[in-house]
Amino acid sequence: MASNPNTLSATRRDFVTALQAGDGSRAMQLCRVLLAEDSRLPQLSFIVRETGKIPRGKLGLRNLKIALLSSFSIEFIKLPLTVLCFLNGMDAEIYLPGFGQFQQEIRNQNSGLYTFKPDVVVLSVEGTDWLPEIYTSYLDRLSGGFDHVVSSFHEELASLIESFREGSKAILLVNNFVPPVWRQLGILDGQAEMGQAQLVHKMNELLSSICRKNPGVMVVDYAGLVLRFGALRWYDERMGHYAKAPISADMLLPLAGEYVKYFRAVIGQTKKCLVLDLDNTLWGGVLGEDGPAGIQLDSVYPGSAYLAFQREILNLHKRGILLAIASKNNMADVEEVFIQNTNMLLKKEHFASLQIHWGHKSESLQQIARQLNIGLEHLVFVDDNPAECAEVLRALPMVTTVTLPQQPEHFVRSLLEDGLFDGLIFSQEDRQRGDLYRQRAEAEVLRERSGSLEDFYRSLEMVMTFAPMDRTSLARSAQLTQKTNQFNLTTIRFSESDLAERSTDPDWLLTTVNVRDRYGDNGIVGFMMARFDSEALDIETFLLSCRVIGRTVETAMLAFLCQQASRRGIQLLRGRVVPTAKNAPSRDLFLKHAFQKAEGKESGETVWTFDLSKGSVDWPAWINVITGEPAISKQ
Amino acid sequence: MEQQVRQVMADILGVEPDSIDVSTAKDSTAAWDSLNHINLVVALEQEFQTSFDVSEIESMLTFSDILETLERKLQR
């Protein structure tokens with residue numbers, strides 16, 4: 001039955017459109033948005049239904065046959081599991097035998113399990129069902145001891161695995177056991193020689209060792225998962241009794257997520273390289289503005305949170321994950337941090353590639369992939385700026401992006417919760433990988449989709465407000481002239497009183513630039529000062545915060561100046577560029593906008609002019625411009 | 001509230017929201033089997049931030065049953 005488009009939200013509509021067009025990557029991205037908007041059951045049901053309408057193979061997904069064996073009603077995990085598989089490029093085909101049949105399905109070589117020919121088999125059995133002697137009838141057994149319980153479990157599991165292997169080469173995932181929520185000995189359980197908790201731990205150790213001995217059989221740390229969420233939240237006694245479905249509906253998505261970590265590793269989709277931004281990612285603050293000693297990275301919050309994040313990243317490095325940097329910064333500044341800032345846990349040698357320049361992050365990622373000779377689908381890109389992540393997603397949909405949350409104390413969770421780097425093996429080579437990296441064998445050229453850059457600018461939904469500097473924006477404007485180094489044509493510093501004085505002079509044009517985009521209000525991020533003389537509008541100060549570089553904001557600013565000049569009947573725009581060690585990103589501004597070079601001084605300073613009678617700088621079509629309203633300052 | 005219930009049922013059962021009326025019942029709707037009944041109950045609990053006891057779960061077998069039960073529950 002076709003979904004009525006009128007009742008669908010915009011995201012749902014786009015999702016259906018992408019599916020029907022066979023655009024798998026876009027559909028997966030939109031699925032992620034849908035889940036961020038609402039991850040409850042109706043949404044999951046919608047997603048599964050819509051993806052189910054598309055013929056197999058049309059979306060370029062990897063088929064994965066999953067058998068779910070359980071001692072309870074595990075079918076309720078089908079919806080979240082199917083959705084999360086889809087999100088990870090997999091088309092889940094799920095086999096579910098009759099209730100409580102897991103032993104029979106495995107031991108009977110003619111069962112539906114083997115006919116299905118699964119790729120992965122999940123054995124999800126609760127402790128209470130497999131080991132009633134330890135759970136329900138514990139007190140009755142206490143006097144007799146538990147040695148025979150241990151040995152018969154050992155035999156049973158070993159023979160089950162043997163039977164399984166006779167009929168299938170699939171990966172077998174086995175849940176371990178959760179200690180009973182309510183202990184029959186109450187507070188004595190922890191201290192008792194054979195307390196229930198200890199017995200369960202013993203069983204779990206046994207389970208681990210048996211799995212270790214059997215290739216392709218893996219333990220799922222179900223106990224650890226339940227611990228993370230809390231047993232009281234994890235289990236739903238009512239549904240446990242009523243529908244034999246003991247797991248809370250809200251916990252099915254995390255459970256599915258845990259299994260998907262294994263599935264990803266099984267199909268070889270483990271991520272191999274973590275690519276990191278620098279500013280407000282590895283440290284607090286902006287290096288270009290705060291200097292190598294001014295970034296936040298020490299024992300006091302928020303610096304301590306960034307340090308904790310660096311520590312986890314270092315752990316990944318020790319696990320064999322390659323690290324790389326993709327940052328819009330000056331290389332010299334970054335070098336200084338590595339040399340000068342003794343708080344840095346991550347050293348330059350930990351990084352297999354350093355892409356530090358002013359080009360797009362997607363370019364950096366392509367370079368990194370080429371340099372390290374790994375596929376783009378093996379990269380994870382982490383940045384605090386959602387616009388950067390969006391740019392990467394648009395150009396390179398196969399890269400996994402992680403947009404960091406606002407508070408740095410939550411970075412570690414964002415990095416680790418999806419188990420992106422979890423693999424099935426941890427080898428000696430993994431341990432050493434960080435020390436060596438492979439040079440690329442040959443160049444691999446990835447062609448950007450045509451027009452994607454403009455699409456990206458458009459997708460940012462930028463709204464720029466140009467306003468005369470006033471009392472409320474005075475402080476921010478002065479601050480910008482003092483702190484901005486990279487996109488600053490002349491790097492002249494002004495105090496608040498300097499600017500206040502200038503603002504009374506009618507020949508001076510002092511303009512603040514506010515940029516809002518779909519991710520929020522960036523506040524005042526640009527500032528220009530130009531002076532009218534008899535024949536020209538002379539641009540003395542023109543600067544932009546690094547946060548909005550690379551989005552044609554500067555083009556709009558020049559267009560504004562052209563407009564202001566024309567309104568006063570002035571035909572000439574004039575500007576200067578004073579090169580410094582840090583302002584490389586802005587030096588070719590006038591060249592790029594078809595200004596004529598009028599003068600080149602020995603100091604390296606250049607003067608440029610634009611003849612307005614011959615034309616003007618065009619407004620970028622993708623920016624919504626508001627002029628003349630009072631400045632809205634975030635500061 | 002009625003619109004919310006319609007949308008939840010539409011998503012879970014795969015039917016058009018407008019096609020749901022007082023006659024829509026578990027017995028007469030193909031997709032409304034015991035598995036989807038539990039899904040429906042859970043979805044309504046998530047939507048209305050409430051919790052049904054077993055007798056309520058067993059009695060919500062038609063669209064009007066659901067509306068009645070919710071009205072009672074949300075008034076309290």
# chains A, B, ... in the order shown; residues from 1 in each chain; ligands from 1

call {"tool": "select_by_dssp", "arguments": {"residues": "chain B", "states": "helix (DSSP H, G or I)", "output": "PDB file with C-alpha atoms, in the first residue's frame"}}
result
ATOM      1  CA  GLU B   2      -6.978  10.490  17.917  1.00  0.00           C
ATOM      2  CA  GLN B   3      -4.626  11.689  15.173  1.00  0.00           C
ATOM      3  CA  GLN B   4      -1.594  10.427  17.107  1.00  0.00           C
ATOM      4  CA  VAL B   5      -3.194   7.006  17.560  1.00  0.00           C
ATOM      5  CA  ARG B   6      -4.026   6.844  13.866  1.00  0.00           C
ATOM      6  CA  GLN B   7      -0.449   7.644  12.900  1.00  0.00           C
ATOM      7  CA  VAL B   8       0.969   5.041  15.303  1.00  0.00           C
ATOM      8  CA  MET B   9      -1.402   2.394  13.997  1.00  0.00           C
ATOM      9  CA  ALA B  10      -0.658   3.383  10.413  1.00  0.00           C
ATOM     10  CA  ASP B  11       3.082   2.952  10.935  1.00  0.00           C
ATOM     11  CA  ILE B  12       2.855  -0.314  12.854  1.00  0.00           C
ATOM     12  CA  LEU B  13       0.186  -1.991  10.759  1.00  0.00           C
ATOM     13  CA  PRO B  17      -4.207   6.629   8.635  1.00  0.00           C
ATOM     14  CA  ASP B  18      -7.445   7.706   6.954  1.00  0.00           C
ATOM     15  CA  SER B  19      -8.607   4.120   6.544  1.00  0.00           C
ATOM     16  CA  SER B  34      -0.328 -11.085  18.035  1.00  0.00           C
ATOM     17  CA  LEU B  35       3.208  -9.916  17.281  1.00  0.00           C
ATOM     18  CA  ASN B  36       2.015  -6.568  15.952  1.00  0.00           C
ATOM     19  CA  HIS B  37      -0.438  -6.295  18.826  1.00  0.00           C
ATOM     20  CA  ILE B  38       2.508  -6.176  21.233  1.00  0.00           C
ATOM     21  CA  ASN B  39       4.297  -3.757  18.903  1.00  0.00           C
ATOM     22  CA  LEU B  40       1.200  -1.579  18.837  1.00  0.00           C
ATOM     23  CA  VAL B  41       0.908  -1.586  22.620  1.00  0.00           C
ATOM     24  CA  VAL B  42       4.585  -0.702  23.025  1.00  0.00           C
ATOM     25  CA  ALA B  43       4.345   2.020  20.377  1.00  0.00           C
ATOM     26  CA  LEU B  44       1.362   3.586  22.133  1.00  0.00           C
ATOM     27  CA  GLU B  45       3.222   3.446  25.438  1.00  0.00           C
ATOM     28  CA  GLN B  46       6.174   5.248  23.852  1.00  0.00           C
ATOM     29  CA  GLU B  47       3.932   7.816  22.167  1.00  0.00           C
ATOM     30  CA  PHE B  48       1.836   8.657  25.223  1.00  0.00           C
ATOM     31  CA  VAL B  54      -2.018  -6.839  31.153  1.00  0.00           C
ATOM     32  CA  SER B  55      -5.806  -6.521  31.358  1.00  0.00           C
ATOM     33  CA  GLU B  56      -5.642  -3.305  29.359  1.00  0.00           C
ATOM     34  CA  ILE B  57      -3.344  -4.907  26.780  1.00  0.00           C
ATOM     35  CA  GLU B  58      -5.825  -7.727  26.327  1.00  0.00           C
ATOM     36  CA  SER B  59      -8.802  -5.437  25.974  1.00  0.00           C
ATOM     37  CA  PHE B  63      -9.514   1.360  17.402  1.00  0.00           C
ATOM     38  CA  SER B  64     -12.304   2.558  19.697  1.00  0.00           C
ATOM     39  CA  ASP B  65     -11.049   0.308  22.543  1.00  0.00           C
ATOM     40  CA  ILE B  66      -7.660   1.974  22.235  1.00  0.00           C
ATOM     41  CA  LEU B  67      -9.126   5.489  22.317  1.00  0.00           C
ATOM     42  CA  GLU B  68     -11.285   4.630  25.342  1.00  0.00           C
ATOM     43  CA  THR B  69      -8.408   3.087  27.282  1.00  0.00           C
ATOM     44  CA  LEU B  70      -6.128   6.026  26.541  1.00  0.00           C
ATOM     45  CA  GLU B  71      -8.744   8.587  27.536  1.00  0.00           C
ATOM     46  CA  ARG B  72      -9.212   6.868  30.874  1.00  0.00           C
ATOM     47  CA  LYS B  73      -5.482   6.553  31.454  1.00  0.00           C
ATOM     48  CA  LEU B  74      -4.522  10.078  30.495  1.00  0.00           C
ATOM     49  CA  GLN B  75      -7.263  11.697  32.574  1.00  0.00           C
TER      50      GLN B  75
END

call {"tool": "interface_residues", "arguments": {"of": "chain A", "to": "chain B", "cutoff": "6 Å", "atoms": "only C-alpha atoms", "output": "ChimeraX atom specification"}}
result
/A:41-42,45-46

call {"tool": "residues_around", "arguments": {"residues": "region 90-102 of chain A", "least_positions_apart": "2", "cutoff": "9 Å", "atoms": "only C-alpha atoms", "output": "PDB file with C-alpha atoms, in the first residue's frame"}}
result
ATOM      1  CA  ARG A  56      16.783  -6.685  -3.490  1.00  0.00           C
ATOM      2  CA  GLY A  57      19.992  -5.487  -5.095  1.00  0.00           C
ATOM      3  CA  GLY A  60      23.702  -1.751  -3.507  1.00  0.00           C
ATOM      4  CA  LEU A  61      23.406  -3.249  -0.027  1.00  0.00           C
ATOM      5  CA  ARG A  62      25.366  -6.243   1.123  1.00  0.00           C
ATOM      6  CA  ASN A  63      23.068  -9.174   1.811  1.00  0.00           C
ATOM      7  CA  LEU A  64      23.506 -10.752   5.257  1.00  0.00           C
ATOM      8  CA  LYS A  65      21.643 -13.864   6.341  1.00  0.00           C
ATOM      9  CA  ILE A  66      21.073 -13.834  10.073  1.00  0.00           C
ATOM     10  CA  ALA A  67      19.598 -16.653  12.147  1.00  0.00           C
ATOM     11  CA  LEU A  68      18.237 -15.717  15.579  1.00  0.00           C
ATOM     12  CA  LEU A  69      18.104 -18.562  18.083  1.00  0.00           C
ATOM     13  CA  SER A  70      16.736 -17.905  21.520  1.00  0.00           C
ATOM     14  CA  SER A  71      15.053 -19.229  24.631  1.00  0.00           C
ATOM     15  CA  PHE A  72      12.528 -16.356  24.584  1.00  0.00           C
ATOM     16  CA  SER A  73      10.572 -14.297  22.044  1.00  0.00           C
ATOM     17  CA  ILE A  74      13.390 -12.630  20.238  1.00  0.00           C
ATOM     18  CA  GLU A  75      11.335 -11.674  17.170  1.00  0.00           C
ATOM     19  CA  LYS A  78      13.718  -7.898  14.028  1.00  0.00           C
ATOM     20  CA  LEU A  81      18.037  -5.093  13.743  1.00  0.00           C
ATOM     21  CA  THR A  82      16.829  -4.635  10.169  1.00  0.00           C
ATOM     22  CA  VAL A  83      17.048  -0.858  10.471  1.00  0.00           C
ATOM     23  CA  LEU A  84      20.560  -0.835  11.940  1.00  0.00           C
ATOM     24  CA  CYS A  85      21.754  -3.319   9.328  1.00  0.00           C
ATOM     25  CA  PHE A  86      20.388  -1.025   6.640  1.00  0.00           C
ATOM     26  CA  LEU A  87      22.178   1.925   8.225  1.00  0.00           C
ATOM     27  CA  ASN A  88      25.404  -0.016   7.862  1.00  0.00           C
ATOM     28  CA  GLN A 104      16.654 -28.738  18.307  1.00  0.00           C
ATOM     29  CA  GLU A 105      17.500 -26.348  15.489  1.00  0.00           C
ATOM     30  CA  ILE A 106      21.211 -26.828  16.071  1.00  0.00           C
ATOM     31  CA  ARG A 107      21.287 -30.548  16.752  1.00  0.00           C
ATOM     32  CA  GLY A 112      15.418 -24.956   8.854  1.00  0.00           C
ATOM     33  CA  LEU A 113      18.552 -23.360  10.308  1.00  0.00           C
ATOM     34  CA  PHE A 116      18.595 -21.250   5.442  1.00  0.00           C
ATOM     35  CA  PRO A 118      23.020 -18.303   7.447  1.00  0.00           C
ATOM     36  CA  LEU A 123      22.453 -17.536  20.132  1.00  0.00           C
ATOM     37  CA  VAL A 125      19.785 -17.390  25.662  1.00  0.00           C
ATOM     38  CA  PHE A 263      28.067  -8.085  11.719  1.00  0.00           C
ATOM     39  CA  ARG A 264      30.121  -5.132  10.514  1.00  0.00           C
TER      40      ARG A 264
END

call {"tool": "residues_around", "arguments": {"residues": "Ser39 (chain A)", "least_positions_apart": "4", "cutoff": "10 Å", "atoms": "only C-alpha atoms", "output": "PDB file with C-alpha atoms, in the first residue's frame"}}
result
ATOM      1  CA  ARG A  32      20.329   8.268  10.160  1.00  0.00           C
ATOM      2  CA  VAL A  33      18.449  11.579  10.256  1.00  0.00           C
ATOM      3  CA  LEU A  34      15.134   9.764  10.757  1.00  0.00           C
ATOM      4  CA  LEU A  35      16.553   7.886  13.739  1.00  0.00           C
ATOM      5  CA  GLN A  43       9.529   5.046  12.904  1.00  0.00           C
ATOM      6  CA  LEU A  44      11.418   1.738  12.775  1.00  0.00           C
ATOM      7  CA  PRO A  80      15.597  -2.537  15.125  1.00  0.00           C
ATOM      8  CA  ASP A 250      13.517   0.658  24.553  1.00  0.00           C
ATOM      9  CA  LEU A 253      17.783  -0.863  19.629  1.00  0.00           C
TER      10      LEU A 253
END

call {"tool": "atom_distance", "arguments": {"atom1": "CA of Thr51 (chain A)", "atom2": "CA of Gln20 (chain A)"}}
result
9.2 Å

call {"tool": "select_by_dssp", "arguments": {"residues": "region 105-243 of chain A", "states": "strand (DSSP E)", "output": "ChimeraX atom specification"}}
result
/A:120-124,171-175,217-220

call {"tool": "closest_residue", "arguments": {"among": "A:Leu509, A:Ala475, A:Ala249, A:Ala390", "to": "Ser51 (chain B)", "atoms": "only C-alpha atoms"}}
result
A:Ala249
